[in-house]
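Listing of work-v1.tsv, TSV, C-alpha atoms and all ligand atoms
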```tsv
chain	number	residue	atom	x	y	z
M	1	MET	CA	-104.67	67.87	51.98
M	2	GLU	CA	-105.77	70.17	54.73
M	3	GLN	CA	-103.73	70.04	57.89
M	4	TRP	CA	-105.94	70.02	60.95
M	5	ALA	CA	-104.96	71.49	64.29
M	6	LEU	CA	-106.36	68.32	65.86
M	7	GLU	CA	-107.46	65.18	64.14
M	8	VAL	CA	-108.84	61.98	65.61
M	9	ARG	CA	-108.98	59.09	63.17
M	10	GLU	CA	-111.05	55.93	63.72
M	11	VAL	CA	-110.28	55.83	67.41
M	12	GLU	CA	-111.34	53.10	69.81
M	13	ILE	CA	-111.16	53.32	73.59
M	14	ARG	CA	-112.08	50.49	75.97
M	15	TYR	CA	-112.71	49.87	79.62
M	16	ARG	CA	-112.05	46.32	80.76
M	17	GLY	CA	-112.12	45.11	77.18
M	18	LEU	CA	-115.40	46.79	76.34
M	19	PRO	CA	-115.30	49.55	73.74
M	20	VAL	CA	-116.82	52.82	74.98
M	21	VAL	CA	-115.58	54.85	72.00
M	22	GLN	CA	-115.60	53.18	68.60
M	23	ASP	CA	-114.50	54.24	65.15
M	24	VAL	CA	-114.64	57.93	66.04
M	25	SER	CA	-113.10	60.46	63.65
M	26	ILE	CA	-113.15	64.21	64.22
M	27	GLN	CA	-111.30	67.18	62.81
M	28	VAL	CA	-110.67	70.59	64.26
M	29	LYS	CA	-109.41	73.46	62.13
M	30	LYS	CA	-106.87	75.93	63.46
M	31	GLY	CA	-108.81	78.69	65.16
M	32	GLY	CA	-112.02	76.70	64.87
M	33	THR	CA	-114.54	75.78	67.53
M	34	VAL	CA	-115.88	72.25	67.30
M	35	THR	CA	-118.43	70.75	69.63
M	36	ILE	CA	-119.13	67.15	70.58
M	37	LEU	CA	-122.67	66.61	71.75
M	38	GLY	CA	-124.11	63.57	73.42
M	39	ALA	CA	-126.02	62.28	76.41
M	40	ASN	CA	-124.46	61.14	79.67
M	41	GLY	CA	-122.34	58.06	79.15
M	42	ALA	CA	-121.96	58.57	75.39
M	43	GLY	CA	-118.17	58.48	75.70
M	44	LYS	CA	-117.35	62.19	75.39
M	45	SER	CA	-115.01	62.41	78.39
M	46	SER	CA	-113.39	59.09	77.51
M	47	LEU	CA	-112.59	60.47	74.07
M	48	LEU	CA	-111.05	63.65	75.50
M	49	ARG	CA	-109.05	61.63	78.04
M	50	GLY	CA	-107.87	59.43	75.18
M	51	ILE	CA	-106.69	62.46	73.21
M	52	MET	CA	-104.84	63.60	76.37
M	53	GLY	CA	-103.03	60.29	76.81
M	54	ALA	CA	-104.91	59.54	80.02
M	55	GLN	CA	-106.82	56.67	78.44
M	56	ARG	CA	-105.29	54.09	76.13
M	57	ILE	CA	-106.06	54.43	72.42
M	58	TRP	CA	-106.65	50.84	71.32
M	59	LYS	CA	-107.13	51.61	67.65
M	60	GLY	CA	-106.76	54.62	65.45
M	61	LYS	CA	-104.74	57.80	65.52
M	62	VAL	CA	-104.66	61.14	67.26
M	63	MET	CA	-102.81	63.88	65.41
M	64	LEU	CA	-101.77	67.33	66.53
M	65	GLU	CA	-100.87	69.51	63.56
M	66	GLY	CA	-100.32	66.36	61.53
M	67	ARG	CA	-98.08	64.64	64.08
M	68	GLU	CA	-99.22	61.37	65.61
M	69	ILE	CA	-99.42	61.58	69.39
M	70	GLN	CA	-101.36	58.47	70.43
M	71	GLY	CA	-99.32	56.58	73.00
M	72	PHE	CA	-97.61	59.74	74.27
M	73	SER	CA	-97.79	60.61	77.98
M	74	THR	CA	-100.14	63.33	79.18
M	75	GLU	CA	-97.17	65.50	80.08
M	76	GLN	CA	-95.73	65.19	76.58
M	77	ILE	CA	-99.12	66.02	75.09
M	78	VAL	CA	-99.50	69.13	77.28
M	79	LYS	CA	-96.02	70.21	76.23
M	80	LEU	CA	-96.91	69.72	72.58
M	81	GLY	CA	-99.93	71.95	73.02
M	82	ILE	CA	-103.17	70.29	74.07
M	83	VAL	CA	-104.87	71.23	77.30
M	84	TYR	CA	-107.87	69.52	78.88
M	85	VAL	CA	-110.15	71.32	81.32
M	86	PRO	CA	-112.03	68.45	83.00
M	87	GLU	CA	-115.59	68.53	84.26
M	88	GLU	CA	-114.40	68.50	87.84
M	89	ARG	CA	-112.29	71.66	87.34
M	90	MET	CA	-109.68	70.43	89.85
M	91	LEU	CA	-108.90	73.81	91.40
M	92	PHE	CA	-106.88	74.16	94.58
M	93	GLY	CA	-109.46	75.83	96.80
M	94	PRO	CA	-107.23	77.22	99.55
M	95	LEU	CA	-104.73	78.66	97.05
M	96	SER	CA	-105.16	82.11	95.55
M	97	VAL	CA	-106.50	82.66	92.06
M	98	GLU	CA	-103.05	83.70	90.89
M	99	ASP	CA	-101.34	80.65	92.39
M	100	ASN	CA	-103.89	78.40	90.70
M	101	LEU	CA	-103.08	80.11	87.41
M	102	LYS	CA	-99.35	79.69	87.96
M	103	LEU	CA	-99.87	75.97	88.56
M	104	GLY	CA	-101.19	75.76	85.02
M	105	ALA	CA	-97.77	76.84	83.80
M	106	TYR	CA	-95.85	74.15	85.71
M	107	LEU	CA	-94.28	72.84	82.51
M	108	LEU	CA	-92.95	76.25	81.47
M	109	GLU	CA	-89.45	76.93	82.71
M	110	ASP	CA	-89.26	80.55	81.58
M	111	GLU	CA	-90.50	82.88	84.36
M	112	LYS	CA	-90.91	85.70	81.84
M	113	LEU	CA	-93.22	83.58	79.75
M	114	VAL	CA	-95.27	82.74	82.86
M	115	LYS	CA	-95.70	86.48	83.52
M	116	GLU	CA	-96.68	87.13	79.92
M	117	ASN	CA	-99.24	84.35	80.02
M	118	LEU	CA	-100.66	85.66	83.29
M	119	GLU	CA	-101.14	89.04	81.63
M	120	LYS	CA	-102.82	87.38	78.66
M	121	VAL	CA	-105.24	85.50	80.91
M	122	TYR	CA	-106.00	88.63	82.97
M	123	GLY	CA	-106.53	90.56	79.75
M	124	LEU	CA	-109.03	87.99	78.61
M	125	PHE	CA	-110.71	87.61	82.01
M	126	PRO	CA	-110.41	90.89	83.96
M	127	LYS	CA	-112.49	89.37	86.77
M	128	LEU	CA	-109.64	87.02	87.58
M	129	ARG	CA	-107.27	89.95	87.96
M	130	GLU	CA	-109.68	91.65	90.36
M	131	ARG	CA	-109.77	88.49	92.43
M	132	LYS	CA	-106.16	87.38	92.01
M	133	ASP	CA	-105.34	87.30	95.75
M	134	GLN	CA	-108.58	85.63	96.80
M	135	ALA	CA	-108.73	81.92	97.61
M	136	ALA	CA	-110.12	80.01	94.63
M	137	SER	CA	-112.79	78.48	96.88
M	138	THR	CA	-114.35	81.93	97.43
M	139	LEU	CA	-115.16	82.41	93.73
M	140	SER	CA	-118.63	81.85	92.32
M	141	GLY	CA	-119.22	78.74	90.21
M	142	GLY	CA	-118.89	80.74	87.00
M	143	GLU	CA	-115.67	82.40	88.13
M	144	GLN	CA	-114.24	79.03	89.15
M	145	GLN	CA	-114.91	77.71	85.67
M	146	MET	CA	-113.26	80.84	84.25
M	147	LEU	CA	-110.28	80.14	86.50
M	148	ALA	CA	-110.09	76.51	85.37
M	149	ILE	CA	-110.05	77.69	81.74
M	150	GLY	CA	-107.53	80.43	82.54
M	151	ARG	CA	-105.28	77.87	84.19
M	152	GLY	CA	-105.46	75.76	81.04
M	153	LEU	CA	-104.39	78.76	78.97
M	154	MET	CA	-101.29	79.26	81.12
M	155	SER	CA	-99.40	76.54	79.26
M	156	ASN	CA	-99.90	78.26	75.89
M	157	PRO	CA	-102.02	75.53	74.31
M	158	LYS	CA	-102.60	75.20	70.60
M	159	VAL	CA	-105.83	73.35	71.32
M	160	LEU	CA	-108.06	73.78	74.35
M	161	MET	CA	-110.50	71.00	75.22
M	162	LEU	CA	-113.37	71.92	77.52
M	163	ASP	CA	-115.40	69.12	79.11
M	164	GLU	CA	-118.94	70.29	79.95
M	165	PRO	CA	-117.83	73.67	81.28
M	166	SER	CA	-121.43	74.70	81.98
M	167	LEU	CA	-122.15	71.66	84.15
M	168	GLY	CA	-123.61	72.60	87.52
M	169	LEU	CA	-123.84	76.32	86.79
M	170	ALA	CA	-127.03	78.29	87.40
M	171	PRO	CA	-128.71	79.49	84.16
M	172	LEU	CA	-127.41	83.05	84.46
M	173	LEU	CA	-123.88	81.76	84.95
M	174	VAL	CA	-124.27	79.45	81.97
M	175	THR	CA	-124.77	82.53	79.81
M	176	GLU	CA	-121.68	84.10	81.36
M	177	LEU	CA	-119.68	80.92	80.78
M	178	PHE	CA	-120.60	80.84	77.11
M	179	ASP	CA	-119.57	84.48	76.84
M	180	THR	CA	-116.20	83.42	78.23
M	181	VAL	CA	-115.88	80.68	75.62
M	182	ARG	CA	-116.91	83.14	72.92
M	183	ARG	CA	-114.18	85.54	74.03
M	184	LEU	CA	-111.66	82.72	73.77
M	185	LYS	CA	-112.86	81.89	70.30
M	186	THR	CA	-112.53	85.53	69.25
M	187	SER	CA	-108.98	85.53	70.61
M	188	GLY	CA	-108.17	82.88	67.98
M	189	MET	CA	-107.97	79.83	70.26
M	190	THR	CA	-108.72	76.44	68.74
M	191	ILE	CA	-111.44	74.86	70.88
M	192	LEU	CA	-112.94	71.41	71.26
M	193	LEU	CA	-116.05	71.83	73.38
M	194	VAL	CA	-117.99	68.96	74.92
M	195	GLU	CA	-121.45	69.99	76.02
M	196	GLN	CA	-124.91	68.86	76.97
M	197	ASN	CA	-126.14	72.41	76.57
M	198	VAL	CA	-126.74	71.78	72.90
M	199	LYS	CA	-128.28	75.07	71.89
M	200	GLU	CA	-125.58	77.29	73.37
M	201	ALA	CA	-122.77	75.02	72.19
M	202	LEU	CA	-124.08	75.07	68.63
M	203	GLU	CA	-124.39	78.83	68.70
M	204	ILE	CA	-120.64	79.10	69.31
M	205	ALA	CA	-119.37	76.17	67.27
M	206	ASP	CA	-118.49	76.13	63.57
M	207	TYR	CA	-118.95	72.39	63.35
M	208	GLY	CA	-120.32	69.62	65.55
M	209	TYR	CA	-120.48	65.90	66.09
M	210	VAL	CA	-123.12	63.84	67.88
M	211	LEU	CA	-121.87	60.86	69.86
M	212	GLN	CA	-124.25	58.09	70.90
M	213	ALA	CA	-123.14	55.00	72.84
M	214	GLY	CA	-119.55	55.54	71.75
M	215	ARG	CA	-120.23	56.05	68.05
M	216	LEU	CA	-120.66	59.14	65.90
M	217	VAL	CA	-124.20	59.21	64.56
M	218	LEU	CA	-124.24	62.66	63.00
M	219	GLU	CA	-121.94	65.52	62.11
M	220	GLY	CA	-122.28	68.79	60.33
M	221	THR	CA	-122.14	72.54	60.40
M	222	LYS	CA	-124.11	74.41	63.01
M	223	GLU	CA	-126.90	75.01	60.49
M	224	GLU	CA	-127.03	71.37	59.46
M	225	LEU	CA	-127.19	70.14	63.05
M	226	LEU	CA	-129.76	72.69	64.14
M	227	SER	CA	-132.05	71.67	61.29
M	228	SER	CA	-131.59	67.93	61.82
M	229	ASP	CA	-134.62	66.07	63.14
M	230	MET	CA	-132.46	63.98	65.43
M	231	VAL	CA	-130.89	66.99	67.13
M	232	LYS	CA	-134.25	68.73	67.39
M	233	LYS	CA	-135.96	65.73	68.97
M	234	ALA	CA	-133.22	64.26	71.12
M	235	TYR	CA	-131.39	67.37	72.25
M	236	LEU	CA	-133.47	70.47	71.79
M	237	GLY	CA	-136.76	68.99	73.02
M	238	LEU	CA	-138.64	70.20	69.95
H	301	LIG	N1	-113.07	54.69	84.63
H	301	LIG	C1	-114.04	53.99	84.04
H	301	LIG	N2	-114.11	52.64	84.18
H	301	LIG	C2	-115.07	51.93	83.58
H	301	LIG	N3	-116.04	52.46	82.80
H	301	LIG	C3	-116.02	53.80	82.64
H	301	LIG	C4	-115.04	54.63	83.25
H	301	LIG	N4	-115.28	55.92	82.88
H	301	LIG	C5	-116.37	55.88	82.08
H	301	LIG	N5	-116.82	54.62	81.94
H	301	LIG	C6	-117.95	54.20	81.11
H	301	LIG	O1	-117.68	54.57	79.78
H	301	LIG	C7	-118.83	55.07	79.14
H	301	LIG	C8	-118.57	56.48	78.65
H	301	LIG	O2	-118.40	57.35	79.76
H	301	LIG	P1	-117.94	58.85	79.59
H	301	LIG	O3	-116.83	58.90	78.63
H	301	LIG	O4	-117.72	59.41	80.94
H	301	LIG	O5	-119.23	59.51	78.91
H	301	LIG	P2	-119.73	61.04	78.85
H	301	LIG	O6	-118.57	61.91	79.16
H	301	LIG	O7	-120.25	61.20	77.46
H	301	LIG	O8	-120.81	61.16	79.87
H	301	LIG	C9	-119.96	54.96	80.15
H	301	LIG	O9	-120.64	53.78	79.91
H	301	LIG	C10	-119.22	54.91	81.47
H	301	LIG	O10	-119.96	54.20	82.44
H	302	MG	MG	-118.30	63.37	80.56
```

Any chance you could put this one into C-alpha cells?
Amino acid sequence: MEQWALEVREVEIRYRGLPVVQDVSIQVKKGGTVTILGANGAGKSSLLRGIMGAQRIWKGKVMLEGREIQGFSTEQIVKLGIVYVPEERMLFGPLSVEDNLKLGAYLLEDEKLVKENLEKVYGLFPKLRERKDQAASTLSGGEQQMLAIGRGLMSNPKVLMLDEPSLGLAPLLVTELFDTVRRLKTSGMTILLVEQNVKEALEIADYGYVLQAGRLVLEGTKEELLSSDMVKKAYLGL
C-alpha cells in the first residue's frame, strides 16, 4: 500500500453539533501538490484547521506519513511536520521581516538550524532578504503572503497547507503568488492548497478535490477536473 505524506480518511468536523465537513477523504503524495476547491463556506478552512488540531475531528482519521495524529495538539502537529498558513496571514506588522520569519521557528531549539532555515527561505524568496529589516507592515500584499509562507517554512514542515493564499491580492500579485507556490513545488515541498482561484490552482496541482457543503463531490487529476462539466460551469464560468 502506498504511504501518503498526508492522508485524511472519512473525516467529520462539526460546529455546535452540526457537521460542516462530512466523510471527507483526501491523499497527498510526498512532493505532490494537491488542491481543494470549493465556494465560500464549503468547509475548506474547517478541514485544514481539523488537520492542524485546531478543530475537533469527530469521526475519521488524519495521518501524517502513516501515523495517526487526530486528537493531537496543534503544537505537536507542527512539531511532527505540518504547517498551516491561514487566510488571515497573521503577521506581526511592526516587527521586521526577519523577526517574523524567526517567529516561525519558535519550536526549534537549535539556533544553527534556525539560521539554516532562514538561508533556505531567503534562497527561495530573495525579495524577503532584500527587505529583511523592514517592518512587515510596509510590504506589499504579495510580499506579505510570501512572508507568511516563508514563516511557515521556518519550522521545516513535511507538509505545507496554504489557505487561499491569493485572497485579496490584485490580479498582478495573484500571478506573482502562484509563481511563489510553483517555486515551492519545484523545491520538493509537499503542498495542500486551498483556493477559489480554480484555474491557477489547477495549473499547479497534480490532483484536486471539489468540496461542496462539506462533502467531496468530485476528485481527479488536473486534466480530469479541467474537462469536467461541473468544474467548467461552477468554477471556470464556461
Ligand atoms: N467558528 C465557527 N463557528 C461556527 N460555524 C463556523 C465557524 N467557522 C466556520 N463555520 C461554518 O462552517 C462552514 C464552513 O466554513 P469554512 O470552513 O470557513 O468554509 P470555507 O473555508 O470553505 O469558506 C460555514 O457554514 C461556516 O459558516
Ligand atoms: Mg476558508

(message) Please list as a list in words every residue within 8 Å of Leu147 in chain M, counting all atoms listed in the file and excluding residues in the same chain fewer than 2 positions away.
(response)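 Within the cut-off, the hits are Val97, Asn100, Leu101, Leu128, Glu143, Gln144, Gln145, Ile149, Gly150 and Arg151 of chain M.
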
Hey, could you make a per-residue contact list for chain M against ligand LIG 301 (chain H) with 8 Å as the cut-off, showing the nearest pair of atoms and its distance in Å to one decimal, counting only C-alpha atoms and all ligand atoms, sorted by chain and number, as CSV?
```
residue,atom,partner,partner_atom,distance
M:Arg14,CA,H:LIG301,O1,7.9
M:Tyr15,CA,H:LIG301,C2,5.0
M:Arg16,CA,H:LIG301,C2,7.0
M:Val20,CA,H:LIG301,C7,5.1
M:Val21,CA,H:LIG301,C8,7.5
M:Gly38,CA,H:LIG301,O7,6.1
M:Ala39,CA,H:LIG301,O7,6.0
M:Asn40,CA,H:LIG301,O8,3.7
M:Gly41,CA,H:LIG301,O5,3.4
M:Ala42,CA,H:LIG301,O7,3.8
M:Gly43,CA,H:LIG301,O3,3.2
M:Lys44,CA,H:LIG301,O7,3.7
M:Ser45,CA,H:LIG301,O6,3.7
M:Ser46,CA,H:LIG301,O3,3.6
M:Leu47,CA,H:LIG301,O3,6.4
M:Asp163,CA,H:LIG301,O6,7.9
M:Leu211,CA,H:LIG301,O7,7.8
M:Ala213,CA,H:LIG301,C8,7.5
M:Gly214,CA,H:LIG301,C8,7.0
```

Could you write out that same residue set with C-alpha atoms as a PDB file, in the frame of the given file?
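In the end it all went to part-v1.pdb:
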```pdb
ATOM      1  CA  ARG M  14    -112.080  50.490  75.970  1.00  0.00           C
ATOM      2  CA  TYR M  15    -112.710  49.870  79.620  1.00  0.00           C
ATOM      3  CA  ARG M  16    -112.050  46.320  80.760  1.00  0.00           C
ATOM      4  CA  VAL M  20    -116.820  52.820  74.980  1.00  0.00           C
ATOM      5  CA  VAL M  21    -115.580  54.850  72.000  1.00  0.00           C
ATOM      6  CA  GLY M  38    -124.110  63.570  73.420  1.00  0.00           C
ATOM      7  CA  ALA M  39    -126.020  62.280  76.410  1.00  0.00           C
ATOM      8  CA  ASN M  40    -124.460  61.140  79.670  1.00  0.00           C
ATOM      9  CA  GLY M  41    -122.340  58.060  79.150  1.00  0.00           C
ATOM     10  CA  ALA M  42    -121.960  58.570  75.390  1.00  0.00           C
ATOM     11  CA  GLY M  43    -118.170  58.480  75.700  1.00  0.00           C
ATOM     12  CA  LYS M  44    -117.350  62.190  75.390  1.00  0.00           C
ATOM     13  CA  SER M  45    -115.010  62.410  78.390  1.00  0.00           C
ATOM     14  CA  SER M  46    -113.390  59.090  77.510  1.00  0.00           C
ATOM     15  CA  LEU M  47    -112.590  60.470  74.070  1.00  0.00           C
ATOM     16  CA  ASP M 163    -115.400  69.120  79.110  1.00  0.00           C
ATOM     17  CA  LEU M 211    -121.870  60.860  69.860  1.00  0.00           C
ATOM     18  CA  ALA M 213    -123.140  55.000  72.840  1.00  0.00           C
ATOM     19  CA  GLY M 214    -119.550  55.540  71.750  1.00  0.00           C
TER      20      GLY M 214
END
```

(message) Could you tell me how far CA of Glu12 in chain M sits from CA of Ile57 in chain M, in Å to one decimal place?
(response)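 A separation of 6.0 Å between them.
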
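Nearest-residue note for Lys132 in chain M: choosing from M:Ala234, M:Leu118, M:Leu193, M:Leu153, the minimum distance belongs to M:Leu118, counting only C-alpha atoms.
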
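Among the candidate residues M:Thr221, M:Thr190, M:Ser166, M:Ser227, the one lying nearest to ligand MG 302 (chain H) is M:Ser166, with distances computed using only C-alpha atoms and all ligand atoms.
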
(request) Check the smallest atom-to-atom distance from each of M:Ala205, M:Val11, M:Val78, M:Ala135 to Val34 in chain M using all atoms listed in the file, then report the winner. (result)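 Ranked by minimum distance to Val34 in chain M, first place goes to M:Ala205.
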
(message) Please compute the CA of Val159 in chain M-CA of Asp206 in chain M distance, one decimal, in Å.
(response) 15.1 Å

(request) Fewer than 6 positions away in the same chain doesn't count, so skip those; otherwise give me all residues within 10 Å of Glu119 in chain M, counting all atoms listed in the file, as a PyMOL selection string. (result) chain M and resi 113+125-126+129+154

Write the residues you've just listed into a file as an mmCIF file, in the frame of the given file, and include C-alpha atoms for each of them.
```cif
data_model
loop_
_atom_site.group_PDB
_atom_site.id
_atom_site.type_symbol
_atom_site.label_atom_id
_atom_site.label_comp_id
_atom_site.auth_asym_id
_atom_site.auth_seq_id
_atom_site.Cartn_x
_atom_site.Cartn_y
_atom_site.Cartn_z
ATOM 1 C CA LEU M 113 -93.220 83.580 79.750
ATOM 2 C CA PHE M 125 -110.710 87.610 82.010
ATOM 3 C CA PRO M 126 -110.410 90.890 83.960
ATOM 4 C CA ARG M 129 -107.270 89.950 87.960
ATOM 5 C CA MET M 154 -101.290 79.260 81.120
#
```

(message) One number please: CA of Leu103 in chain M to CA of Glu65 in chain M, in Å, one decimal.
(response)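 The value is 25.8 Å.
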
(message) Using all atoms listed in the file, can you tell me which of M:Leu160, M:Leu226, M:Leu167, M:Ile69 comes closest to ligand MG 302 (chain H)?
(response)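 For ligand MG 302 (chain H), the nearest of the candidates is M:Leu167.
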
(message) Taking 3 positions as the minimum chain separation for residues in the same chain, which residues sit within 8 Å of Phe92 in chain M when counting only C-alpha atoms? Answer as a PyMOL selection string.
(response) chain M and resi 95+100+136-137

(message) List the spatial neighbours of Trp58 in chain M as a ChimeraX atom specification - criterion: any atom at most 10 Å away, all atoms listed in the file, same-chain residues fewer than 2 positions off excluded.
(response) /M:11-14,17,19,21-22,50,55-56,60-61,70-71

(request) Go through M:Pro165, M:Gly152, M:Gly66, M:Gly141 one by one, measure the shortest atom-to-atom distance of each to ligand MG 302 (chain H) using all atoms listed in the file, and give the residue with the smallest value. (result)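 Residue with the minimum atom-to-atom distance to ligand MG 302 (chain H): M:Pro165.
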
(request) Compare M:Lys127, M:Arg215, M:Lys199, M:Lys79 by their minimum atom-to-atom distance to Gly104 in chain M, counting only C-alpha atoms, and give me the closest one. (result)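 Once distances to Gly104 in chain M are computed over only C-alpha atoms, the minimum belongs to M:Lys79.
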
Could you write out as JSON the box around range 7-24 of chain M (axis-aligned, all atoms listed in the file, 4 Å on each side), with centre and edge lengths in Å to one decimal?
```
{"center_x": -112.1, "center_y": 55.1, "center_z": 72.0, "size_x": 17.4, "size_y": 28.1, "size_z": 25.6}
```

(message) Would you pick out the contacts of Leu80 in chain M at 9 Å or less, using only C-alpha atoms, so that residues sharing its chain but fewer than 3 positions from it are not included, and give the list as a ChimeraX atom specification?
(response) /M:64,75-77,157-158
